[in-house]
file entry_1.cif (mmCIF, C-alpha atoms and all ligand atoms)
data_coords
#
loop_
_atom_site.label_atom_id
_atom_site.label_comp_id
_atom_site.auth_asym_id
_atom_site.auth_seq_id
_atom_site.Cartn_x
_atom_site.Cartn_y
_atom_site.Cartn_z
CA MET V 203 87.25 41.10 -97.22
CA PRO V 204 89.69 42.07 -95.82
CA ILE V 205 91.50 38.80 -96.63
CA GLU V 206 90.50 39.13 -100.28
CA GLN V 207 89.28 35.58 -100.66
CA ILE V 208 86.93 34.70 -103.50
CA ILE V 209 83.94 32.77 -102.18
CA ALA V 210 82.11 32.36 -105.46
CA LYS V 211 82.21 33.75 -108.96
CA GLY V 212 80.09 33.51 -112.03
CA ASN V 213 78.87 34.99 -115.20
CA ILE V 214 75.39 34.83 -116.76
CA PRO V 215 75.08 35.79 -120.42
CA ARG V 216 72.04 37.95 -121.13
CA THR V 217 69.60 36.93 -123.84
CA PRO V 218 66.45 38.74 -125.05
CA ASP V 219 64.25 36.28 -123.10
CA HIS V 220 66.21 36.96 -119.90
CA PRO V 221 65.65 40.56 -118.89
CA LEU V 222 68.27 42.07 -116.58
CA GLU V 223 65.91 41.98 -113.60
CA THR V 224 65.37 38.19 -113.68
CA THR V 225 69.03 37.51 -114.53
CA LEU V 226 70.19 39.51 -111.52
CA ALA V 227 67.49 38.05 -109.29
CA ASP V 228 68.80 34.57 -110.23
CA ILE V 229 72.30 35.56 -109.19
CA PHE V 230 71.18 37.21 -105.95
CA GLN V 231 69.07 34.18 -105.04
CA GLN V 232 72.12 31.94 -105.41
CA VAL V 233 74.31 34.34 -103.42
CA GLY V 234 71.74 34.59 -100.63
CA ASN V 235 71.23 37.23 -97.96
CA ASP V 236 74.60 37.12 -96.27
CA VAL V 237 75.90 40.16 -98.15
CA ASP V 238 77.39 43.30 -96.57
CA LEU V 239 77.83 45.48 -99.62
CA VAL V 240 77.31 45.53 -103.38
CA ALA V 241 79.89 47.22 -105.65
CA HIS V 242 78.60 48.27 -109.07
CA ARG V 243 80.76 48.91 -112.10
CA ILE V 244 79.55 52.14 -113.73
CA VAL V 245 81.21 52.93 -117.03
CA HIS V 246 80.92 56.72 -117.15
CA GLY V 247 81.41 59.02 -114.18
CA ALA V 248 82.29 62.06 -116.35
CA ASP V 249 84.05 64.72 -114.26
CA LEU V 250 81.59 64.28 -111.40
CA PHE V 251 83.36 61.33 -109.77
CA SER V 252 87.11 61.08 -109.25
CA ALA V 253 86.75 58.16 -106.81
CA SER V 254 84.32 55.39 -105.95
CA ILE V 255 81.33 56.52 -103.91
CA ARG V 256 78.40 55.16 -101.95
CA ILE V 257 75.24 55.32 -104.07
CA THR V 258 72.66 57.61 -102.50
CA ASP V 259 69.54 58.88 -104.32
CA ASP V 260 71.54 62.01 -105.08
CA VAL V 261 74.47 60.05 -106.56
CA PHE V 262 72.02 57.94 -108.57
CA GLN V 263 70.57 61.11 -110.11
CA GLN V 264 74.02 62.50 -110.84
CA ILE V 265 74.92 59.31 -112.72
CA GLN V 266 71.62 59.61 -114.60
CA SER V 267 72.44 63.19 -115.54
CA ILE V 268 75.56 62.08 -117.47
CA SER V 269 74.02 59.00 -119.10
CA HIS V 270 74.01 60.70 -122.51
CA LEU V 271 77.82 60.37 -122.46
CA ALA V 272 77.55 56.54 -122.39
CA PRO V 273 74.09 55.67 -123.73
CA LEU V 274 74.98 51.99 -124.22
CA HIS V 275 76.36 51.53 -120.72
CA ASN V 276 75.19 53.90 -117.99
CA PRO V 277 71.41 53.29 -118.34
CA VAL V 278 71.86 49.52 -118.07
CA ASN V 279 74.34 49.97 -115.19
CA LEU V 280 71.72 52.04 -113.37
CA GLU V 281 69.04 49.46 -114.07
CA GLY V 282 71.32 46.97 -112.33
CA VAL V 283 71.71 49.33 -109.37
CA GLU V 284 67.93 49.69 -109.09
CA VAL V 285 67.33 45.94 -109.11
CA ALA V 286 70.13 45.31 -106.60
CA ARG V 287 68.94 48.06 -104.25
CA ARG V 288 65.46 46.55 -104.30
CA PHE V 289 66.87 43.12 -103.52
CA TYR V 290 69.33 44.38 -100.88
CA PRO V 291 67.70 47.56 -99.55
CA ASP V 292 69.50 47.71 -96.20
CA ILE V 293 73.17 47.48 -97.21
CA PRO V 294 75.48 50.00 -98.88
CA HIS V 295 75.75 50.03 -102.66
CA VAL V 296 78.93 51.51 -104.07
CA ALA V 297 79.65 52.85 -107.57
CA VAL V 298 83.09 52.19 -109.09
CA PHE V 299 83.68 54.17 -112.28
CA ASP V 300 85.80 53.24 -115.30
CA THR V 301 86.62 56.91 -115.71
CA SER V 302 87.61 58.02 -112.21
CA PHE V 303 91.27 56.90 -112.35
CA HIS V 304 91.80 59.22 -115.31
CA GLN V 305 90.49 62.34 -113.59
CA THR V 306 94.13 63.23 -112.79
CA MET V 307 94.92 63.91 -116.46
CA PRO V 308 95.99 67.51 -117.09
CA PRO V 309 93.91 69.68 -119.47
CA GLU V 310 96.44 69.40 -122.29
CA SER V 311 95.79 65.63 -122.17
CA PHE V 312 92.01 65.69 -121.75
CA LEU V 313 90.87 68.60 -123.91
CA TYR V 314 90.04 68.23 -127.59
CA PRO V 315 91.31 71.04 -129.77
CA ILE V 316 87.79 72.26 -130.61
CA PRO V 317 86.11 75.49 -129.42
CA TYR V 318 86.49 75.64 -125.65
CA ALA V 319 82.81 76.55 -125.27
CA TYR V 320 81.83 72.94 -126.13
CA TYR V 321 83.84 71.74 -123.17
CA GLU V 322 82.24 74.34 -120.92
CA LYS V 323 78.71 73.80 -122.23
CA HIS V 324 78.61 70.05 -122.84
CA LYS V 325 81.65 68.64 -120.99
CA ILE V 326 83.04 67.32 -124.27
CA ARG V 327 86.53 66.11 -123.34
CA LYS V 328 88.55 62.92 -123.01
CA TYR V 329 87.56 60.83 -119.98
CA GLY V 330 89.31 57.50 -120.52
CA PHE V 331 88.13 54.03 -119.44
CA HIS V 332 89.34 50.69 -117.97
CA GLY V 333 90.28 52.71 -114.89
CA SER V 334 89.95 49.85 -112.39
CA SER V 335 92.15 47.67 -114.56
CA HIS V 336 94.87 50.30 -114.99
CA ARG V 337 94.70 50.97 -111.23
CA TYR V 338 95.06 47.29 -110.36
CA VAL V 339 98.08 46.69 -112.60
CA LEU V 340 99.67 49.92 -111.35
CA GLU V 341 99.47 48.64 -107.76
CA ARG V 342 100.95 45.29 -108.76
CA ALA V 343 103.73 46.87 -110.86
CA VAL V 344 104.76 49.04 -107.91
CA GLN V 345 105.12 45.86 -105.83
CA MET V 346 106.92 43.94 -108.57
CA LEU V 347 109.41 46.74 -109.30
CA ASP V 348 109.80 47.46 -105.60
CA ALA V 349 110.09 51.19 -106.15
CA PRO V 350 108.09 54.15 -104.81
CA LYS V 351 105.03 55.05 -106.87
CA ASN V 352 106.14 58.63 -107.34
CA ARG V 353 109.37 57.50 -109.02
CA LEU V 354 107.80 55.18 -111.57
CA ARG V 355 106.84 55.95 -115.16
CA LEU V 356 104.55 53.18 -116.38
CA ILE V 357 102.79 52.40 -119.63
CA SER V 358 99.75 50.20 -119.04
CA CYS V 359 98.43 48.33 -122.08
CA HIS V 360 94.96 46.90 -121.45
CA ILE V 361 94.48 44.73 -124.55
CA GLY V 362 91.24 42.79 -124.53
CA ASN V 363 87.96 43.22 -126.34
CA GLY V 364 88.46 46.89 -125.68
CA VAL V 365 91.97 48.30 -125.82
CA SER V 366 93.43 51.25 -123.96
CA VAL V 367 96.97 52.42 -123.33
CA THR V 368 97.61 54.67 -120.32
CA ALA V 369 100.69 56.68 -119.40
CA ILE V 370 101.06 56.69 -115.60
CA ARG V 371 103.37 58.86 -113.51
CA ASN V 372 103.37 59.60 -109.78
CA GLY V 373 100.89 56.75 -109.48
CA GLN V 374 98.37 58.75 -111.53
CA SER V 375 96.93 58.63 -115.02
CA TYR V 376 98.67 61.26 -117.14
CA ASN V 377 97.22 60.40 -120.52
CA THR V 378 95.13 57.59 -121.96
CA SER V 379 94.09 56.50 -125.42
CA MET V 380 90.29 56.26 -125.04
CA GLY V 381 88.31 59.47 -125.19
CA LEU V 382 84.86 60.91 -124.57
CA THR V 383 83.67 57.37 -125.26
CA PRO V 384 85.34 53.92 -125.41
CA LEU V 385 85.28 54.13 -129.23
CA ALA V 386 88.44 56.25 -129.34
CA GLY V 387 92.15 55.44 -129.34
CA VAL V 388 93.67 52.19 -130.56
CA ALA V 389 91.96 49.90 -133.09
CA MET V 390 90.14 47.10 -131.20
CA GLY V 391 88.35 43.81 -131.89
CA THR V 392 85.41 45.49 -133.62
CA ARG V 393 85.96 49.19 -132.80
CA SER V 394 87.83 51.51 -135.12
CA GLY V 395 89.59 53.65 -132.52
CA ASN V 396 90.62 57.11 -133.77
CA ILE V 397 89.84 57.93 -137.38
CA ASP V 398 89.62 61.17 -139.33
CA PRO V 399 86.21 62.53 -138.22
CA ALA V 400 85.51 63.73 -141.78
CA ILE V 401 85.10 60.05 -142.75
CA ILE V 402 81.73 60.03 -140.99
CA PRO V 403 79.78 62.50 -143.20
CA PHE V 404 81.70 61.13 -146.19
CA LEU V 405 80.33 57.61 -145.56
CA GLU V 406 76.87 58.98 -144.84
CA ARG V 407 76.81 60.62 -148.26
CA LEU V 408 78.47 57.86 -150.29
CA GLU V 409 76.72 54.91 -148.67
CA GLY V 410 73.38 56.59 -147.95
CA MET V 411 73.72 55.91 -144.24
CA THR V 412 72.60 57.81 -141.15
CA THR V 413 75.06 58.97 -138.49
CA ASN V 414 73.83 56.15 -136.25
CA ASP V 415 74.55 53.58 -138.99
CA VAL V 416 78.11 54.85 -139.33
CA ILE V 417 78.72 54.92 -135.58
CA ASP V 418 77.35 51.38 -135.39
CA ILE V 419 79.85 50.29 -138.08
CA LEU V 420 82.68 52.01 -136.22
CA ASN V 421 81.66 50.21 -133.00
CA HIS V 422 80.78 46.75 -134.29
CA GLN V 423 82.15 46.16 -137.82
CA SER V 424 85.59 47.77 -137.64
CA GLY V 425 88.95 47.10 -136.01
CA LEU V 426 90.40 43.58 -136.41
CA LEU V 427 87.07 42.29 -137.77
CA GLY V 428 86.68 45.14 -140.24
CA ILE V 429 90.15 44.82 -141.76
CA SER V 430 90.39 41.01 -141.76
CA GLY V 431 86.79 40.32 -142.77
CA ILE V 432 87.26 37.13 -140.73
CA SER V 433 87.06 37.62 -136.98
CA ASN V 434 87.64 39.96 -134.06
CA ASP V 435 89.43 37.16 -132.18
CA VAL V 436 93.22 37.40 -132.21
CA ARG V 437 93.55 33.60 -131.89
CA VAL V 438 91.55 33.01 -135.07
CA LEU V 439 93.50 35.69 -136.92
CA LEU V 440 96.86 34.24 -135.86
CA GLU V 441 95.76 30.87 -137.24
CA HIS V 442 94.70 32.41 -140.55
CA GLU V 443 97.94 34.39 -140.71
CA GLN V 444 99.87 31.14 -140.28
CA GLN V 445 97.96 29.69 -143.23
CA GLY V 446 99.03 32.66 -145.34
CA ASP V 447 95.90 34.80 -145.19
CA GLU V 448 97.02 38.31 -146.19
CA ARG V 449 94.10 40.20 -144.70
CA ALA V 450 94.51 38.46 -141.33
CA ARG V 451 98.18 39.48 -141.37
CA LEU V 452 97.26 43.04 -142.33
CA ALA V 453 94.65 43.29 -139.55
CA LEU V 454 97.18 42.14 -136.94
CA ASP V 455 99.93 44.43 -138.31
CA LEU V 456 97.59 47.41 -138.22
CA PHE V 457 96.45 46.52 -134.68
CA ILE V 458 100.09 46.40 -133.50
CA SER V 459 100.89 49.61 -135.35
CA LYS V 460 98.09 51.51 -133.58
CA ILE V 461 99.28 50.21 -130.20
CA HIS V 462 102.81 51.38 -131.14
CA ASN V 463 101.48 54.89 -131.77
CA TYR V 464 100.24 55.15 -128.20
CA ILE V 465 103.27 53.47 -126.64
CA GLY V 466 105.42 55.99 -128.55
CA ALA V 467 103.23 58.88 -127.38
CA SER V 468 103.45 57.59 -123.80
CA LEU V 469 107.25 57.32 -123.98
CA ALA V 470 107.39 60.95 -125.14
CA LYS V 471 104.92 62.16 -122.51
CA LEU V 472 106.73 60.36 -119.70
CA ASN V 473 110.24 61.09 -121.01
CA GLY V 474 110.92 57.35 -121.13
CA ALA V 475 109.45 54.60 -118.98
CA ASP V 476 110.39 52.20 -116.20
CA GLY V 477 107.74 49.61 -116.92
CA LEU V 478 105.48 48.44 -119.74
CA ILE V 479 102.50 46.38 -118.58
CA PHE V 480 100.41 43.92 -120.59
CA THR V 481 96.99 43.02 -119.24
CA ALA V 482 93.46 41.80 -120.25
CA GLY V 483 92.47 38.89 -122.51
CA ILE V 484 95.02 39.44 -125.28
CA GLY V 485 97.72 41.17 -123.23
CA GLU V 486 97.70 38.35 -120.65
CA ASN V 487 97.35 35.39 -122.99
CA SER V 488 98.97 36.11 -126.33
CA PRO V 489 102.77 35.76 -126.43
CA GLU V 490 102.63 36.40 -130.19
CA ILE V 491 100.97 39.80 -129.83
CA ARG V 492 103.25 40.81 -126.95
CA GLU V 493 106.27 39.84 -129.01
CA LYS V 494 105.04 41.71 -132.10
CA ILE V 495 104.56 44.80 -129.93
CA CYS V 496 107.96 44.61 -128.23
CA LEU V 497 110.15 43.54 -131.15
CA GLY V 498 112.09 46.41 -132.63
CA LEU V 499 111.89 48.58 -129.52
CA GLU V 500 115.48 47.92 -128.32
CA TYR V 501 116.50 51.56 -128.79
CA ALA V 502 113.41 52.63 -126.89
CA GLY V 503 114.71 50.50 -124.00
CA ILE V 504 112.91 47.17 -124.36
CA TYR V 505 115.08 44.03 -124.46
CA LEU V 506 113.30 40.72 -124.80
CA ASP V 507 114.08 37.77 -122.57
CA ASN V 508 114.49 34.15 -123.59
CA GLN V 509 111.47 32.32 -124.97
CA ALA V 510 110.68 30.39 -121.77
CA ASN V 511 110.03 33.50 -119.72
CA TRP V 512 108.32 35.11 -122.66
CA GLU V 513 105.61 32.45 -122.77
CA GLY V 514 104.84 31.13 -119.25
CA SER V 515 101.69 32.23 -117.40
CA GLY V 516 100.59 34.43 -114.51
CA GLU V 517 102.12 37.60 -113.14
CA ARG V 518 105.76 38.04 -114.16
CA VAL V 519 108.50 40.16 -115.71
CA ILE V 520 109.13 39.03 -119.30
CA SER V 521 111.95 41.38 -120.34
CA SER V 522 115.66 40.66 -120.01
CA PRO V 523 117.27 41.52 -116.66
CA TYR V 524 119.29 44.15 -118.60
CA SER V 525 116.21 45.80 -120.08
CA PRO V 526 115.94 49.46 -118.98
CA ILE V 527 112.17 49.15 -119.33
CA LYS V 528 110.78 46.17 -117.44
CA VAL V 529 108.07 44.46 -119.42
CA MET V 530 105.45 42.83 -117.19
CA VAL V 531 102.45 40.59 -117.69
CA ILE V 532 99.91 41.28 -114.95
CA PRO V 533 96.54 39.50 -115.05
CA THR V 534 94.05 42.24 -114.24
CA ASN V 535 91.57 42.05 -111.38
CA GLU V 536 88.91 44.73 -111.65
CA GLU V 537 86.61 42.94 -109.19
CA LEU V 538 89.28 43.12 -106.49
CA ILE V 539 89.63 46.88 -106.97
CA MET V 540 85.84 47.15 -106.64
CA ALA V 541 85.80 45.01 -103.50
CA ARG V 542 88.63 47.06 -101.94
CA ASP V 543 86.94 50.37 -102.71
CA GLY V 544 83.68 49.10 -101.25
CA TYR V 545 85.45 47.78 -98.19
CA TRP V 546 87.32 51.07 -97.56
CA LEU V 547 84.17 53.12 -98.06
CA SER V 548 82.33 50.93 -95.54
CA LEU V 549 85.16 51.44 -93.01
CA GLU V 550 85.12 55.21 -93.56
CA LYS V 551 81.40 55.18 -92.94
CA ALA V 552 82.05 53.35 -89.67
CA GLY V 553 84.52 56.10 -88.70
CA VAL V 554 87.75 54.17 -89.36
CA THR V 555 90.37 56.22 -91.20
CA GLY V 556 93.15 54.56 -93.14
P1 LIG Y 1 88.81 40.67 -122.31
O1 LIG Y 1 88.04 41.81 -122.92
O2 LIG Y 1 89.89 41.12 -121.42
O3 LIG Y 1 87.91 39.63 -121.69
O4 LIG Y 1 89.54 39.95 -123.52
C1 LIG Y 1 88.83 39.19 -124.45
C2 LIG Y 1 89.69 38.94 -125.66
O5 LIG Y 1 90.87 38.21 -125.28
C3 LIG Y 1 89.02 38.09 -126.72
O6 LIG Y 1 88.59 38.91 -127.76
C4 LIG Y 1 90.09 37.12 -127.21
O7 LIG Y 1 90.38 37.42 -128.54
C5 LIG Y 1 91.30 37.44 -126.38
N1 LIG Y 1 91.99 36.22 -125.90
C6 LIG Y 1 91.64 35.43 -124.87
N2 LIG Y 1 92.52 34.40 -124.74
C7 LIG Y 1 93.46 34.57 -125.72
C8 LIG Y 1 94.61 33.84 -126.15
N3 LIG Y 1 95.02 32.73 -125.53
N4 LIG Y 1 95.31 34.32 -127.20
C9 LIG Y 1 94.92 35.44 -127.82
N5 LIG Y 1 93.84 36.16 -127.49
C10 LIG Y 1 93.11 35.73 -126.46
#
call {"tool": "encode", "arguments": {"input": "entry_1.cif", "output": "structure tokens", "more": "lines below"}}
Ligand code: AMP
result
Amino acid sequence: MPIEQIIAKGNIPRTPDHPLETTLADIFQQVGNDVDLVAHRIVHGADLFSASIRITDDVFQQIQSISHLAPLHNPVNLEGVEVARRFYPDIPHVAVFDTSFHQTMPPESFLYPIPYAYYEKHKIRKYGFHGSSHRYVLERAVQMLDAPKNRLRLISCHIGNGVSVTAIRNGQSYNTSMGLTPLAGVAMGTRSGNIDPAIIPFLERLEGMTTNDVIDILNHQSGLLGISGISNDVRVLLEHEQQGDERARLALDLFISKIHNYIGASLAKLNGADGLIFTAGIGENSPEIREKICLGLEYAGIYLDNQANWEGSGERVISSPYSPIKVMVIPTNEELIMARDGYWLSLEKAGVTG
């Protein structure tokens, strides 16, 4: 920073015989001591954090206090912070939250229609996720459409392992499909997304399962995998669909249909849209899924372009020049958002205002 050049990147899969501490220590050893700041991705910031923040002992405790909202993510994120702070004790550590971008949602978007006391007592509300990704593509879309942020109505479709659709206006999140947890919203690779909540006790009774069993099924055995019985990977399902597999076709149709629900809701919330953005693993790489989503939306304002533009790769507009809604593919870059936030926070600390 500030020239935003990648010096090195990597990815180490965790296995039971590689605890987080040794895995991270391996990475830090390779990176060395010439580090000015560490940015940490923290999944849940609840309503305590509407922006990235330097991690002090106080901030660490605040993140701990909301860990029950993301029991699979926040504790392990904090373990990472602890290890990194031990390794790099003298430099700033910054927390970047998946939820903070969505703190601009109005109450009619973020409240669940359940007794208000549960919101007051337990902070049960929609928080939304993939914030850094939605923020990154928003910034890029503003550049690509060359229009002021406060004039643009955007629908950001982050379609990867997790899926979330966000309605953006005035450069801010106005509504998003994920909820209190990343289990809500659209159907995903292995997650169910929204279902009738009465299904949960029903399954407990009929299948003799505990609540945890059911939640585990909704997280890991549902979505594309659950319907197809084959895979959570769109590429595999497209192949099976081609070979005539009915359940693969059904899984993909249902997946598209759930995404349509949220695009439709976003169009209504925003009173139309200027841009529709596809990002993340599937959104960036699957022309078939993008086409299935966009086909049949001419009256909503989406006109497809010729095949060449439709396929291609990298950041680009894929709708026809006459399309009222510009459809864009924007490869996401969450790490860059994290690096920028860290960089700006370090400048603020040094007394520079931007
Ligand atoms: P992400 O969570 O953004 O890393 O996205 C991961 C998902 O992207 C995987 O589940 C893959 O199914 C999907 N994916 C990656 N490449 C492709 C591709 N070329 N076509 C379809 N899906 C893809």
call {"tool": "closest_residue", "arguments": {"input": "entry_1.cif", "among": "V:Tyr501, V:Thr412, V:Ser366, V:Ile402", "to": "ligand LIG 1 (chain Y)", "atoms": "all atoms listed in the file"}}
result
V:Ser366
call {"tool": "residues_near_ligand", "arguments": {"input": "entry_1.cif", "ligand": "ligand LIG 1 (chain Y)", "cutoff": "12 Å", "atoms": "all atoms listed in the file", "output": "ChimeraX atom specification"}}
result
/V:332,335,359-366,390-393,425-427,433-441,454,480-492,513-515,532-536
call {"tool": "write_last_selection", "arguments": {"input": "entry_1.cif", "atoms": "C-alpha atoms", "output": "short mmCIF file (atom, residue, chain, number, x, y, z; two decimals), in the coordinates of the input"}}
result
data_model
loop_
_atom_site.label_atom_id
_atom_site.label_comp_id
_atom_site.auth_asym_id
_atom_site.auth_seq_id
_atom_site.Cartn_x
_atom_site.Cartn_y
_atom_site.Cartn_z
CA HIS V 332 89.34 50.69 -117.97
CA SER V 335 92.15 47.67 -114.56
CA CYS V 359 98.43 48.33 -122.08
CA HIS V 360 94.96 46.90 -121.45
CA ILE V 361 94.48 44.73 -124.55
CA GLY V 362 91.24 42.79 -124.53
CA ASN V 363 87.96 43.22 -126.34
CA GLY V 364 88.46 46.89 -125.68
CA VAL V 365 91.97 48.30 -125.82
CA SER V 366 93.43 51.25 -123.96
CA MET V 390 90.14 47.10 -131.20
CA GLY V 391 88.35 43.81 -131.89
CA THR V 392 85.41 45.49 -133.62
CA ARG V 393 85.96 49.19 -132.80
CA GLY V 425 88.95 47.10 -136.01
CA LEU V 426 90.40 43.58 -136.41
CA LEU V 427 87.07 42.29 -137.77
CA SER V 433 87.06 37.62 -136.98
CA ASN V 434 87.64 39.96 -134.06
CA ASP V 435 89.43 37.16 -132.18
CA VAL V 436 93.22 37.40 -132.21
CA ARG V 437 93.55 33.60 -131.89
CA VAL V 438 91.55 33.01 -135.07
CA LEU V 439 93.50 35.69 -136.92
CA LEU V 440 96.86 34.24 -135.86
CA GLU V 441 95.76 30.87 -137.24
CA LEU V 454 97.18 42.14 -136.94
CA PHE V 480 100.41 43.92 -120.59
CA THR V 481 96.99 43.02 -119.24
CA ALA V 482 93.46 41.80 -120.25
CA GLY V 483 92.47 38.89 -122.51
CA ILE V 484 95.02 39.44 -125.28
CA GLY V 485 97.72 41.17 -123.23
CA GLU V 486 97.70 38.35 -120.65
CA ASN V 487 97.35 35.39 -122.99
CA SER V 488 98.97 36.11 -126.33
CA PRO V 489 102.77 35.76 -126.43
CA GLU V 490 102.63 36.40 -130.19
CA ILE V 491 100.97 39.80 -129.83
CA ARG V 492 103.25 40.81 -126.95
CA GLU V 513 105.61 32.45 -122.77
CA GLY V 514 104.84 31.13 -119.25
CA SER V 515 101.69 32.23 -117.40
CA ILE V 532 99.91 41.28 -114.95
CA PRO V 533 96.54 39.50 -115.05
CA THR V 534 94.05 42.24 -114.24
CA ASN V 535 91.57 42.05 -111.38
CA GLU V 536 88.91 44.73 -111.65
#
call {"tool": "residues_near_point", "arguments": {"input": "entry_1.cif", "point": "(92.7, 58.4, -129.5)", "cutoff": "9 Å", "atoms": "all atoms listed in the file", "output": "number ranges by chain"}}
result
V: 328, 378-381, 385-388, 395-397, 464
call {"tool": "atom_distance", "arguments": {"input": "entry_1.cif", "atom1": "atom CA of Ala248 of chain V", "atom2": "atom CA of Ala297 of chain V"}}
result
13.0 Å
call {"tool": "closest_residue", "arguments": {"input": "entry_1.cif", "among": "V:Glu206, V:Glu409, V:Glu281, V:Asp249", "to": "Pro221 of chain V", "atoms": "all atoms listed in the file"}}
result
V:Glu281
call {"tool": "atom_distance", "arguments": {"input": "entry_1.cif", "atom1": "atom CA of His336 of chain V", "atom2": "atom CA of Thr368 of chain V"}}
result
7.4 Å
call {"tool": "closest_residue", "arguments": {"input": "entry_1.cif", "among": "V:Phe289, V:Thr383, V:Ala319, V:Gly282", "to": "Val233 of chain V", "atoms": "only C-alpha atoms"}}
result
V:Phe289
call {"tool": "closest_residue", "arguments": {"input": "entry_1.cif", "among": "V:Lys551, V:Arg337, V:Arg449, V:Arg371", "to": "Phe303 of chain V", "atoms": "all atoms listed in the file"}}
result
V:Arg337
call {"tool": "axis_aligned_box", "arguments": {"input": "entry_1.cif", "around": "segment 345-353 of chain V", "padding_each_side": "3 Å", "output": "JSON"}}
result
{"center_x": 107.6, "center_y": 51.3, "center_z": -107.1, "size_x": 11.1, "size_y": 20.7, "size_z": 10.5}
call {"tool": "build_atoms", "arguments": {"input": "entry_1.cif", "residues": "segment 336-341 of chain V", "atoms": "all heavy atoms", "output": "PDB file, keeping the file's coordinate frame"}}
result
ATOM      1  N   HIS V 336      93.592  49.581-115.030  1.00  0.00           N
ATOM      2  CA  HIS V 336      94.870  50.300-114.990  1.00  0.00           C
ATOM      3  C   HIS V 336      95.328  50.514-113.542  1.00  0.00           C
ATOM      4  O   HIS V 336      96.514  50.431-113.231  1.00  0.00           O
ATOM      5  CB  HIS V 336      94.754  51.645-115.712  1.00  0.00           C
ATOM      6  CG  HIS V 336      94.568  51.514-117.206  1.00  0.00           C
ATOM      7  ND1 HIS V 336      95.491  50.892-118.019  1.00  0.00           N
ATOM      8  CD2 HIS V 336      93.569  51.913-118.030  1.00  0.00           C
ATOM      9  CE1 HIS V 336      95.061  50.934-119.283  1.00  0.00           C
ATOM     10  NE2 HIS V 336      93.894  51.536-119.315  1.00  0.00           N
ATOM     11  N   ARG V 337      94.356  50.771-112.644  1.00  0.00           N
ATOM     12  CA  ARG V 337      94.700  50.970-111.230  1.00  0.00           C
ATOM     13  C   ARG V 337      95.259  49.692-110.617  1.00  0.00           C
ATOM     14  O   ARG V 337      96.225  49.714-109.868  1.00  0.00           O
ATOM     15  CB  ARG V 337      93.436  51.343-110.453  1.00  0.00           C
ATOM     16  CG  ARG V 337      93.413  52.746-109.964  1.00  0.00           C
ATOM     17  CD  ARG V 337      92.067  53.024-109.349  1.00  0.00           C
ATOM     18  NE  ARG V 337      91.979  52.633-107.958  1.00  0.00           N
ATOM     19  CZ  ARG V 337      90.824  52.457-107.309  1.00  0.00           C
ATOM     20  NH1 ARG V 337      89.672  52.621-107.933  1.00  0.00           N
ATOM     21  NH2 ARG V 337      90.825  52.119-106.050  1.00  0.00           N
ATOM     22  N   TYR V 338      94.606  48.566-110.927  1.00  0.00           N
ATOM     23  CA  TYR V 338      95.060  47.290-110.360  1.00  0.00           C
ATOM     24  C   TYR V 338      96.481  46.971-110.808  1.00  0.00           C
ATOM     25  O   TYR V 338      97.346  46.644-109.990  1.00  0.00           O
ATOM     26  CB  TYR V 338      94.107  46.146-110.733  1.00  0.00           C
ATOM     27  CG  TYR V 338      94.629  44.819-110.230  1.00  0.00           C
ATOM     28  CD1 TYR V 338      94.463  44.466-108.890  1.00  0.00           C
ATOM     29  CD2 TYR V 338      95.350  43.958-111.059  1.00  0.00           C
ATOM     30  CE1 TYR V 338      94.987  43.276-108.394  1.00  0.00           C
ATOM     31  CE2 TYR V 338      95.873  42.767-110.573  1.00  0.00           C
ATOM     32  CZ  TYR V 338      95.688  42.436-109.245  1.00  0.00           C
ATOM     33  OH  TYR V 338      96.215  41.267-108.758  1.00  0.00           O
ATOM     34  N   VAL V 339      96.739  47.069-112.124  1.00  0.00           N
ATOM     35  CA  VAL V 339      98.080  46.690-112.600  1.00  0.00           C
ATOM     36  C   VAL V 339      99.138  47.677-112.107  1.00  0.00           C
ATOM     37  O   VAL V 339     100.282  47.295-111.861  1.00  0.00           O
ATOM     38  CB  VAL V 339      98.143  46.502-114.135  1.00  0.00           C
ATOM     39  CG1 VAL V 339      97.199  45.393-114.576  1.00  0.00           C
ATOM     40  CG2 VAL V 339      97.880  47.782-114.907  1.00  0.00           C
ATOM     41  N   LEU V 340      98.747  48.942-111.935  1.00  0.00           N
ATOM     42  CA  LEU V 340      99.670  49.920-111.350  1.00  0.00           C
ATOM     43  C   LEU V 340     100.114  49.462-109.956  1.00  0.00           C
ATOM     44  O   LEU V 340     101.309  49.429-109.649  1.00  0.00           O
ATOM     45  CB  LEU V 340      98.985  51.301-111.269  1.00  0.00           C
ATOM     46  CG  LEU V 340      99.526  52.279-110.227  1.00  0.00           C
ATOM     47  CD1 LEU V 340     100.941  52.743-110.582  1.00  0.00           C
ATOM     48  CD2 LEU V 340      98.602  53.502-110.089  1.00  0.00           C
ATOM     49  N   GLU V 341      99.131  49.087-109.119  1.00  0.00           N
ATOM     50  CA  GLU V 341      99.470  48.640-107.760  1.00  0.00           C
ATOM     51  C   GLU V 341     100.402  47.441-107.787  1.00  0.00           C
ATOM     52  O   GLU V 341     101.374  47.370-107.044  1.00  0.00           O
ATOM     53  CB  GLU V 341      98.194  48.263-106.971  1.00  0.00           C
ATOM     54  CG  GLU V 341      97.227  49.405-106.701  1.00  0.00           C
ATOM     55  CD  GLU V 341      97.833  50.523-105.852  1.00  0.00           C
ATOM     56  OE1 GLU V 341      98.776  50.252-105.080  1.00  0.00           O
ATOM     57  OE2 GLU V 341      97.366  51.676-105.997  1.00  0.00           O
TER      58      GLU V 341
END
